[in-house]
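Working notes for the structure below.
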Amino acid sequence: MAVYLKRRIAQEITDELDRKVRQTVEAILEDVKKRGERAVRELSEKYDKWSPPSFKLSRAELDAIVAKVSPKTISDIQFAQSQIRRFAEHQRAALKDVEVETLPGVRLGHKNIPVESVGCYVPGGRYPMVASAHMSIVTARTAGVSRIVACTPPNQGAPHPETIAAMVLGGADEICVLGGIQAIAAMGLGTETIKPVDMLCGPGNAYVAEAKRQLYGRVGIDLLAGPTEILVIADDSADVEMIATDLLGQAEHGPTSPAILISTSRKIAEALPAEIASQLTRLPTADVAGVAWRDYGEIILVDSR
């Protein structure tokens, strides 16, 4: 038997929120399709307060931004990318072309051909998401993609230097400081300054995911990723402080990130809300994690394993 000590918000509420996201994305994509760069710039000004002379960074701008990154961080980025590149090279080597003659004069087969161009979206936020740049840009370059466009949103008036460094070192051909639906629309539909790509990849919030979904068919996509989520299963031997830390460590990824505890221990289950509240008073990302826990956190008490 399961007893809910805390439930997430009602499904009807999330369904309505999803409907509003779909409508917002549809309207923005249509606007960008009709007005191109002008619409993208207006959206960037509205949502990110960002309207530079050009969203695309020049070589000089890239060099200046990368110069701000510490040598240790550059070394860490290079190390991570070398590991990802090495594995991607083995993956590519495992993809074999096939051609066979099934009957005299009848030849069948398949070839593995990289797409011509890819748009890689790297989320922003308070902290640089360098891993998203590694996983998308490095793998696309290793696969043999000819043109790689990368977009990341500004953070308080500028991009994260570490993210830009990861994009540069990963091998992106065009790097734009542009975020949200407008970035996905610019890459997927094209503008006067950004040629459309053949495929979109990379994570993002609900609006980014929905934009990719609506553009699928016009372009390829990697997958439809949902929000970051976590489920902790604990008995009475668990540490409630560690449980709360694990839950909030994922809840801070976004305000719709589910964080769930299933426990056989009433003591643990009942102690968790106070521990969450305590940690939220010290957590730098409490404004996001707190909303996620309030709306999508759950505590479920069960009587057996």
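For the structure tokens, the naming scheme is as follows: chains receive sequential letters (A, B, ...) according to their order of presentation, residues are indexed from 1 within each chain, and ligands are indexed from 1 in presentation order.
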Might you pull out every residue within 9 Å of range 71-81 of chain A, with only C-alpha atoms counted and same-chain residues fewer than 3 positions away left off, and present them as a compact mmCIF listing (two decimals) with N, CA and C atoms, in the first residue's frame?
```txt
# COMPACT_ATOMS: atom_id res chain seq x y z
N VAL A 66 37.31 33.40 -25.13
CA VAL A 66 38.06 32.21 -24.70
C VAL A 66 39.25 32.61 -23.82
N ALA A 67 39.82 33.77 -24.07
CA ALA A 67 40.96 34.25 -23.28
C ALA A 67 40.59 34.49 -21.81
N ILE A 84 35.45 11.96 -25.25
CA ILE A 84 34.22 11.86 -26.03
C ILE A 84 34.53 11.61 -27.50
N ARG A 85 35.53 12.31 -28.01
CA ARG A 85 35.93 12.14 -29.41
C ARG A 85 36.43 10.72 -29.67
N ARG A 86 37.22 10.21 -28.75
CA ARG A 86 37.77 8.87 -28.93
C ARG A 86 36.66 7.83 -28.99
N VAL A 130 28.91 23.06 -20.20
CA VAL A 130 29.91 22.65 -21.19
C VAL A 130 29.66 21.24 -21.70
N ALA A 131 29.11 20.37 -20.87
CA ALA A 131 28.90 18.98 -21.30
C ALA A 131 27.97 18.90 -22.50
N HIS A 134 30.07 19.55 -25.47
CA HIS A 134 30.89 18.38 -25.76
C HIS A 134 30.09 17.32 -26.53
N MET A 135 28.95 16.97 -25.96
CA MET A 135 28.19 15.82 -26.47
C MET A 135 27.58 16.05 -27.84
N VAL A 138 31.18 17.93 -30.52
CA VAL A 138 32.29 17.01 -30.74
C VAL A 138 31.83 15.77 -31.52
N GLU A 162 33.12 29.80 -20.54
CA GLU A 162 33.46 28.38 -20.58
C GLU A 162 32.66 27.64 -21.64
N ALA A 165 34.12 28.54 -24.97
CA ALA A 165 35.39 27.82 -25.14
C ALA A 165 35.15 26.38 -25.55
N ALA A 166 34.16 25.74 -24.93
CA ALA A 166 33.84 24.36 -25.28
C ALA A 166 33.34 24.25 -26.72
N LEU A 169 36.56 24.81 -29.01
CA LEU A 169 37.45 23.65 -28.97
C LEU A 169 36.78 22.39 -29.54
N GLY A 170 35.44 22.36 -29.47
CA GLY A 170 34.72 21.21 -30.03
C GLY A 170 34.66 21.22 -31.54
```
Q: Fewer than 2 positions away in the same chain doesn't count, so skip those; otherwise give me all residues within 12 Å of Glu89 in chain A, counting only C-alpha atoms, as a ChimeraX atom specification.
A: /A:81-87,91-95,138-144
(Q) Using only C-alpha atoms, can you tell me which of A:Leu17, A:Ala185, A:Ile175, A:Ala88 comes closest to Ala39 in chain A? (A)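 Counting only C-alpha atoms, the residue closest to Ala39 in chain A is A:Ala185.
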Q | Residues flagged strand (DSSP E) by DSSP in range 48-226 of chain A, as a ChimeraX atom specification | A | /A:98-103,106-110,117-121,147-152,174-177,199-201,220-221
(Q) Nearest residue to Ile65 in chain A out of A:Ser265, A:Thr163, A:Thr228, A:Gln182, using only C-alpha atoms? (A)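 Using only C-alpha atoms, the shortest distance to Ile65 in chain A belongs to A:Thr163.
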Q.
With distances taken over only C-alpha atoms, which residue among A:Val118, A:Lys34, A:Glu252, A:Ser263 lies nearest Ser237 in chain A?
A.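 Going through A:Val118, A:Lys34, A:Glu252, A:Ser263 one by one, the smallest distance to Ser237 in chain A is for A:Ser263.
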Q) Within 10 Å of Ala274 in chain A, counting only C-alpha atoms, which residues qualify if same-chain residues fewer than 4 places away don't, as number ranges by chain? A) A: 240, 244, 270, 278-280
Q. Residues at most 6 Å from range 253-257 of chain A, counting only C-alpha atoms, excluding those fewer than 2 positions away in the same chain, as a PyMOL selection string?
A. chain A and resi 227-229+250-251+288+291-292
How would the residues just chosen look if you wrote them out with C-alpha atoms as a PDB file, in the first residue's frame?
```
ATOM      1  CA  PRO A 227      12.710  17.706 -17.881  1.00  0.00           C
ATOM      2  CA  THR A 228      15.449  16.376 -15.606  1.00  0.00           C
ATOM      3  CA  GLU A 229      13.893  14.085 -13.020  1.00  0.00           C
ATOM      4  CA  GLN A 250      18.158  17.506  -9.838  1.00  0.00           C
ATOM      5  CA  ALA A 251      15.234  19.818  -9.007  1.00  0.00           C
ATOM      6  CA  VAL A 288      14.344  27.198  -9.162  1.00  0.00           C
ATOM      7  CA  VAL A 291       9.512  25.822  -7.268  1.00  0.00           C
ATOM      8  CA  ALA A 292      10.235  22.371  -8.698  1.00  0.00           C
TER       9      ALA A 292
END
```
Q: Among the residues of range 114-302 of chain A, find those DSSP assigns to helix (DSSP H, G or I) from the backbone and print them as a ChimeraX atom specification.
A: /A:130-143,161-170,180-189,206-215,240-251,266-280,286-296
Q: Rank nothing, just name the residue among A:Pro53, A:Ala234, A:Arg59, A:Glu174 nearest to Leu301 in chain A, using only C-alpha atoms.
A: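 Among the listed residues, A:Ala234 lies closest to Leu301 in chain A.
Of the listed residues (A:Glu210, A:Phe55, A:Arg35, A:Tyr4), A:Glu210 comes nearest to Arg19 in chain A; the distances count only C-alpha atoms.
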Q. Could you name the residues that touch Thr152 in chain A at 10 Å or less, counting only C-alpha atoms, but leaving out those on the same chain fewer than 4 positions away, as JSON, numbers by chain?
A. {"A": [120, 121, 122, 123, 124, 125, 128, 129, 133, 159, 160, 163, 164, 167, 175, 176, 177, 178, 179, 180, 183]}
Residues just named, written with C-alpha atoms as a compact mmCIF listing (two decimals), in the first residue's frame:
```txt
# COMPACT_ATOMS: atom_id res chain seq x y z
CA CYS A 120 23.56 22.38 -31.59
CA TYR A 121 21.70 24.06 -28.75
CA VAL A 122 23.60 24.47 -25.48
CA PRO A 123 21.42 25.72 -22.59
CA GLY A 124 22.43 28.66 -20.45
CA GLY A 125 21.41 29.42 -16.89
CA PRO A 128 28.07 26.92 -17.95
CA MET A 129 26.69 23.73 -19.51
CA ALA A 133 28.59 21.38 -26.05
CA PRO A 159 27.54 34.21 -22.71
CA HIS A 160 29.37 31.93 -20.30
CA THR A 163 30.58 27.37 -22.83
CA ILE A 164 31.97 29.39 -25.72
CA MET A 167 32.11 25.26 -28.54
CA ILE A 175 28.70 30.27 -32.81
CA CYS A 176 25.72 32.47 -31.92
CA VAL A 177 24.74 33.99 -28.61
CA LEU A 178 21.04 33.32 -28.89
CA GLY A 179 18.68 31.33 -26.70
CA GLY A 180 15.25 29.80 -26.36
CA ALA A 183 17.51 30.10 -31.35
```
Q. Any idea what's packed within 10 Å of Ile230 in chain A, counting only C-alpha atoms, ignoring anything in its chain fewer than 4 positions away? Could you give it as a ChimeraX atom specification?
A. /A:246-251,257-261,297
Restricting it to all heavy atoms, dump the selection as a PDB file, in the first residue's frame.
```pdb
ATOM      1  N   ASP A 246      20.266  14.969  -2.932  1.00  0.00           N
ATOM      2  CA  ASP A 246      20.085  14.340  -4.244  1.00  0.00           C
ATOM      3  C   ASP A 246      18.845  14.884  -4.955  1.00  0.00           C
ATOM      4  O   ASP A 246      18.878  15.182  -6.158  1.00  0.00           O
ATOM      5  CB  ASP A 246      19.952  12.818  -4.094  1.00  0.00           C
ATOM      6  CG  ASP A 246      21.291  12.144  -3.837  1.00  0.00           C
ATOM      7  OD1 ASP A 246      22.333  12.763  -4.134  1.00  0.00           O
ATOM      8  OD2 ASP A 246      21.282  11.002  -3.347  1.00  0.00           O
ATOM      9  N   LEU A 247      17.749  15.021  -4.226  1.00  0.00           N
ATOM     10  CA  LEU A 247      16.511  15.514  -4.836  1.00  0.00           C
ATOM     11  C   LEU A 247      16.675  16.949  -5.338  1.00  0.00           C
ATOM     12  O   LEU A 247      16.307  17.263  -6.471  1.00  0.00           O
ATOM     13  CB  LEU A 247      15.363  15.429  -3.832  1.00  0.00           C
ATOM     14  CG  LEU A 247      14.909  14.022  -3.430  1.00  0.00           C
ATOM     15  CD1 LEU A 247      13.907  14.091  -2.287  1.00  0.00           C
ATOM     16  CD2 LEU A 247      14.297  13.277  -4.613  1.00  0.00           C
ATOM     17  N   LEU A 248      17.233  17.806  -4.507  1.00  0.00           N
ATOM     18  CA  LEU A 248      17.391  19.209  -4.906  1.00  0.00           C
ATOM     19  C   LEU A 248      18.453  19.374  -5.981  1.00  0.00           C
ATOM     20  O   LEU A 248      18.377  20.291  -6.805  1.00  0.00           O
ATOM     21  CB  LEU A 248      17.742  20.055  -3.684  1.00  0.00           C
ATOM     22  CG  LEU A 248      16.630  20.201  -2.633  1.00  0.00           C
ATOM     23  CD1 LEU A 248      17.124  20.988  -1.429  1.00  0.00           C
ATOM     24  CD2 LEU A 248      15.388  20.860  -3.229  1.00  0.00           C
ATOM     25  N   GLY A 249      19.440  18.469  -5.993  1.00  0.00           N
ATOM     26  CA  GLY A 249      20.476  18.535  -7.020  1.00  0.00           C
ATOM     27  C   GLY A 249      19.938  18.335  -8.426  1.00  0.00           C
ATOM     28  O   GLY A 249      20.527  18.805  -9.411  1.00  0.00           O
ATOM     29  N   GLN A 250      18.809  17.653  -8.535  1.00  0.00           N
ATOM     30  CA  GLN A 250      18.158  17.506  -9.838  1.00  0.00           C
ATOM     31  C   GLN A 250      17.030  18.522 -10.010  1.00  0.00           C
ATOM     32  O   GLN A 250      16.791  19.019 -11.109  1.00  0.00           O
ATOM     33  CB  GLN A 250      17.609  16.084  -9.996  1.00  0.00           C
ATOM     34  CG  GLN A 250      18.676  15.015  -9.951  1.00  0.00           C
ATOM     35  CD  GLN A 250      19.776  15.252 -10.963  1.00  0.00           C
ATOM     36  OE1 GLN A 250      19.525  15.486 -12.142  1.00  0.00           O
ATOM     37  NE2 GLN A 250      21.022  15.216 -10.498  1.00  0.00           N
ATOM     38  N   ALA A 251      16.333  18.846  -8.926  1.00  0.00           N
ATOM     39  CA  ALA A 251      15.234  19.818  -9.007  1.00  0.00           C
ATOM     40  C   ALA A 251      15.722  21.176  -9.471  1.00  0.00           C
ATOM     41  O   ALA A 251      14.979  21.929 -10.114  1.00  0.00           O
ATOM     42  CB  ALA A 251      14.540  19.944  -7.651  1.00  0.00           C
ATOM     43  N   SER A 257      11.047  20.104 -12.948  1.00  0.00           N
ATOM     44  CA  SER A 257      11.782  18.850 -12.750  1.00  0.00           C
ATOM     45  C   SER A 257      11.182  18.056 -11.587  1.00  0.00           C
ATOM     46  O   SER A 257      11.252  18.497 -10.427  1.00  0.00           O
ATOM     47  CB  SER A 257      13.252  19.144 -12.469  1.00  0.00           C
ATOM     48  OG  SER A 257      13.901  19.604 -13.626  1.00  0.00           O
ATOM     49  N   PRO A 258      10.632  16.869 -11.854  1.00  0.00           N
ATOM     50  CA  PRO A 258      10.090  16.043 -10.771  1.00  0.00           C
ATOM     51  C   PRO A 258      11.188  15.514  -9.861  1.00  0.00           C
ATOM     52  O   PRO A 258      12.257  15.108 -10.319  1.00  0.00           O
ATOM     53  CB  PRO A 258       9.394  14.894 -11.512  1.00  0.00           C
ATOM     54  CG  PRO A 258       9.192  15.389 -12.910  1.00  0.00           C
ATOM     55  CD  PRO A 258      10.358  16.290 -13.179  1.00  0.00           C
ATOM     56  N   ALA A 259      10.926  15.509  -8.566  1.00  0.00           N
ATOM     57  CA  ALA A 259      11.842  14.960  -7.563  1.00  0.00           C
ATOM     58  C   ALA A 259      11.001  14.138  -6.593  1.00  0.00           C
ATOM     59  O   ALA A 259      10.154  14.693  -5.883  1.00  0.00           O
ATOM     60  CB  ALA A 259      12.595  16.076  -6.838  1.00  0.00           C
ATOM     61  N   ILE A 260      11.229  12.841  -6.560  1.00  0.00           N
ATOM     62  CA  ILE A 260      10.314  11.926  -5.871  1.00  0.00           C
ATOM     63  C   ILE A 260      11.080  11.031  -4.899  1.00  0.00           C
ATOM     64  O   ILE A 260      12.147  10.510  -5.232  1.00  0.00           O
ATOM     65  CB  ILE A 260       9.566  11.042  -6.889  1.00  0.00           C
ATOM     66  CG1 ILE A 260       8.841  11.915  -7.917  1.00  0.00           C
ATOM     67  CG2 ILE A 260       8.580  10.109  -6.195  1.00  0.00           C
ATOM     68  CD1 ILE A 260       8.362  11.164  -9.137  1.00  0.00           C
ATOM     69  N   LEU A 261      10.528  10.843  -3.720  1.00  0.00           N
ATOM     70  CA  LEU A 261      11.040   9.875  -2.760  1.00  0.00           C
ATOM     71  C   LEU A 261       9.998   8.783  -2.554  1.00  0.00           C
ATOM     72  O   LEU A 261       8.832   9.075  -2.293  1.00  0.00           O
ATOM     73  CB  LEU A 261      11.344  10.525  -1.407  1.00  0.00           C
ATOM     74  CG  LEU A 261      11.619   9.535  -0.258  1.00  0.00           C
ATOM     75  CD1 LEU A 261      12.944   8.807  -0.480  1.00  0.00           C
ATOM     76  CD2 LEU A 261      11.585  10.229   1.097  1.00  0.00           C
ATOM     77  N   GLY A 297       7.424  17.906  -6.536  1.00  0.00           N
ATOM     78  CA  GLY A 297       7.994  16.985  -5.559  1.00  0.00           C
ATOM     79  C   GLY A 297       6.928  16.065  -4.992  1.00  0.00           C
ATOM     80  O   GLY A 297       5.775  16.455  -4.816  1.00  0.00           O
TER      81      GLY A 297
END
```
Q) Restricting the calculation to only C-alpha atoms, which member of A:Asp18, A:Asp236, A:Asp287, A:Glu12 is positioned closest to Ala206 in chain A? A)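 Nearest to Ala206 in chain A: A:Asp18.
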Q.
Can you measure CA of Val302 in chain A to CA of Thr14 in chain A for me? One decimal in Å is fine.
A. 25.6 Å
